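Asks: Below is a structure I'd like to ask you about.
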Amino acid sequence: RLHRHGLIRRASAARVDEAIQVWAFLEGSVIEAEDHPLLEPFWKWYIANSVRGHFDAVRLHLEQPDLAPTPTLWQATHVSWWDGYLGVLLSGHLGLQHRVMMLEENLSKYRFLRYLGAFGVDRGHARGALESLRYAALQLQQPKARGLMMFPAGDIGSPFQRPAPYQSGAASLASQIAKTAPIAVRSVAIRLEHLGASKPEALLRVSAPRIVAGGISTRDLSALLQRDLERETAALQRDLEMGTLSGYAVMLRGAGGVQQGWDAVRRKFGVKV
């Protein structure tokens with residue numbers, strides 16, 4: 001099987017060892033994302049309509065927008081089941097092809113998400129996690145700019161938990177990519193809040209990019225990225241408490257709920273009750 005991949009050309013021990021490592025990656029258990037010219041647009045349409053039906057609006061506060069689509073590693077808070085859908089909308093809004101790391105046990109249940117950029121990670125095995133990081137690095141090194149979202153908390157949790165759980169996967173990935181080229185890392189704080197309408201709004205606050213280059217240890221970078229995410233989470237909480245949401249532009253408008261429907265009837269027919 002190694003010969004079939006064209007990896008073994010000499011019988012030296014070093015060559016064989018290298019071939020085995022590459023073969024392990026090629027033959028690994030990562031559930032890969034799939035680009036399909038028909039299924040990808042369909043599922044994007046499905047997700048946008050699903051979000052419209054459940055939310056009054058999706059709003060975005062973006063620090064230092066890029067002048068052109070730029071490969072970006074998003075590290076996001078994980079507060080609901082909707083976070084993956086919101087990541088798809090965010091990448092699309094910024095002209096990026098979406099990728100997201102997802103637990104294999106969940107992706108195996110919802111395999112259609114592969115057509116929206118989801119790929120699997122097996123946290124229970126070191127080899128599986130390493131394979132997923134290698135695969136993720138390749139995704140951000142492609143000619144077409146991609147946005148890759150990771151959730152350092154690992155599992156869905158409360159946005160009020162302090163300190164929030166934080167795993168070092170984003171730092172490990174950024175460090176690996178930075179060995180060959182700098183990579184932009186942005187922190188994404190997410191909240192779902194009722195702000196006067198019958199349906200909640202989804203709020204995304206995205207930090208300015210941290211440009212990661214070689215020369216920094218994964219441990220030090222992980223500490224920096226954790227502080228970045230905590231800072232963005234605190235800033236979103238402060239914006240909500242002070243009601244300063246004017247800087248959050250509507251990224252997607254919802255279909256409207258009972259309140260909006262009744263207001264439309266009142267305007268059209270002059271109903272005063």
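Identifiers for the structure tokens are assigned positionally: chains receive A, B, ... in sequence, residues are indexed from 1 per chain, and ligands are indexed from 1 in the order shown.
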Can you tell me which residues surround Asp155 in chain A at a distance of at most 12 Å, considering only C-alpha atoms, apart from same-chain residues fewer than 4 positions away, and format the answer as a list in words?

Replies: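 Counting only C-alpha atoms, the residues come to Ala76, Thr77, His78, Val79, Ser80, Trp81, Asp83, Met102, Leu103, Asn106, Arg123, Met150, Phe151, Pro159, Ala164, Pro165, Tyr166 and Gln167 of chain A.
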
Asks: Write out as a list of chain:residue names all residues of range 77-123 of chain A that backbone DSSP assigns to strand (DSSP E).

Replies: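 Checking each residue of range 77-123 of chain A, the strand (DSSP E) ones are A:Gln97, A:His98, A:Arg99, A:Val100, A:Met101, A:Met102, A:Leu103, A:Ala118, A:Phe119, A:Gly120, A:Val121.
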
Asks: Go ahead and save the picked residues with N, CA and C atoms, as a compact mmCIF listing (two decimals), in the first residue's frame.

Replies:
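Once everything was written out, this is again.txt:
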# COMPACT_ATOMS: atom_id res chain seq x y z
N GLN A 97 -14.05 30.67 1.98
CA GLN A 97 -14.58 29.31 1.98
C GLN A 97 -14.49 28.77 3.40
N HIS A 98 -15.57 28.19 3.89
CA HIS A 98 -15.65 27.85 5.30
C HIS A 98 -15.09 26.46 5.59
N ARG A 99 -14.38 26.38 6.73
CA ARG A 99 -13.96 25.12 7.32
C ARG A 99 -14.20 25.20 8.82
N VAL A 100 -14.59 24.09 9.42
CA VAL A 100 -14.79 24.06 10.87
C VAL A 100 -14.41 22.69 11.40
N MET A 101 -13.68 22.69 12.50
CA MET A 101 -13.31 21.44 13.16
C MET A 101 -14.45 21.03 14.08
N MET A 102 -14.90 19.79 13.95
CA MET A 102 -16.07 19.30 14.67
C MET A 102 -15.78 17.93 15.25
N LEU A 103 -16.29 17.65 16.43
CA LEU A 103 -16.09 16.33 17.03
C LEU A 103 -16.59 15.24 16.09
N ALA A 118 -17.19 21.11 7.30
CA ALA A 118 -16.88 20.47 8.57
C ALA A 118 -15.97 19.25 8.35
N PHE A 119 -15.00 19.10 9.24
CA PHE A 119 -14.16 17.91 9.25
C PHE A 119 -13.99 17.47 10.70
N GLY A 120 -13.64 16.20 10.88
CA GLY A 120 -13.70 15.62 12.21
C GLY A 120 -12.40 15.69 13.00
N VAL A 121 -12.57 15.68 14.32
CA VAL A 121 -11.44 15.54 15.23
C VAL A 121 -11.82 14.54 16.31

Asks: Give the helix (DSSP H, G or I) residues of range 102-214 of chain A, as assigned by DSSP on the backbone, as a VMD selection string.

Replies: chain A and resid 104 to 107 111 to 116 126 to 139 169 to 178

Asks: What does the structure give for the distance between CA of Leu107 in chain A and CA of Gln139 in chain A, in Å to one decimal?

Replies: 17.7 Å
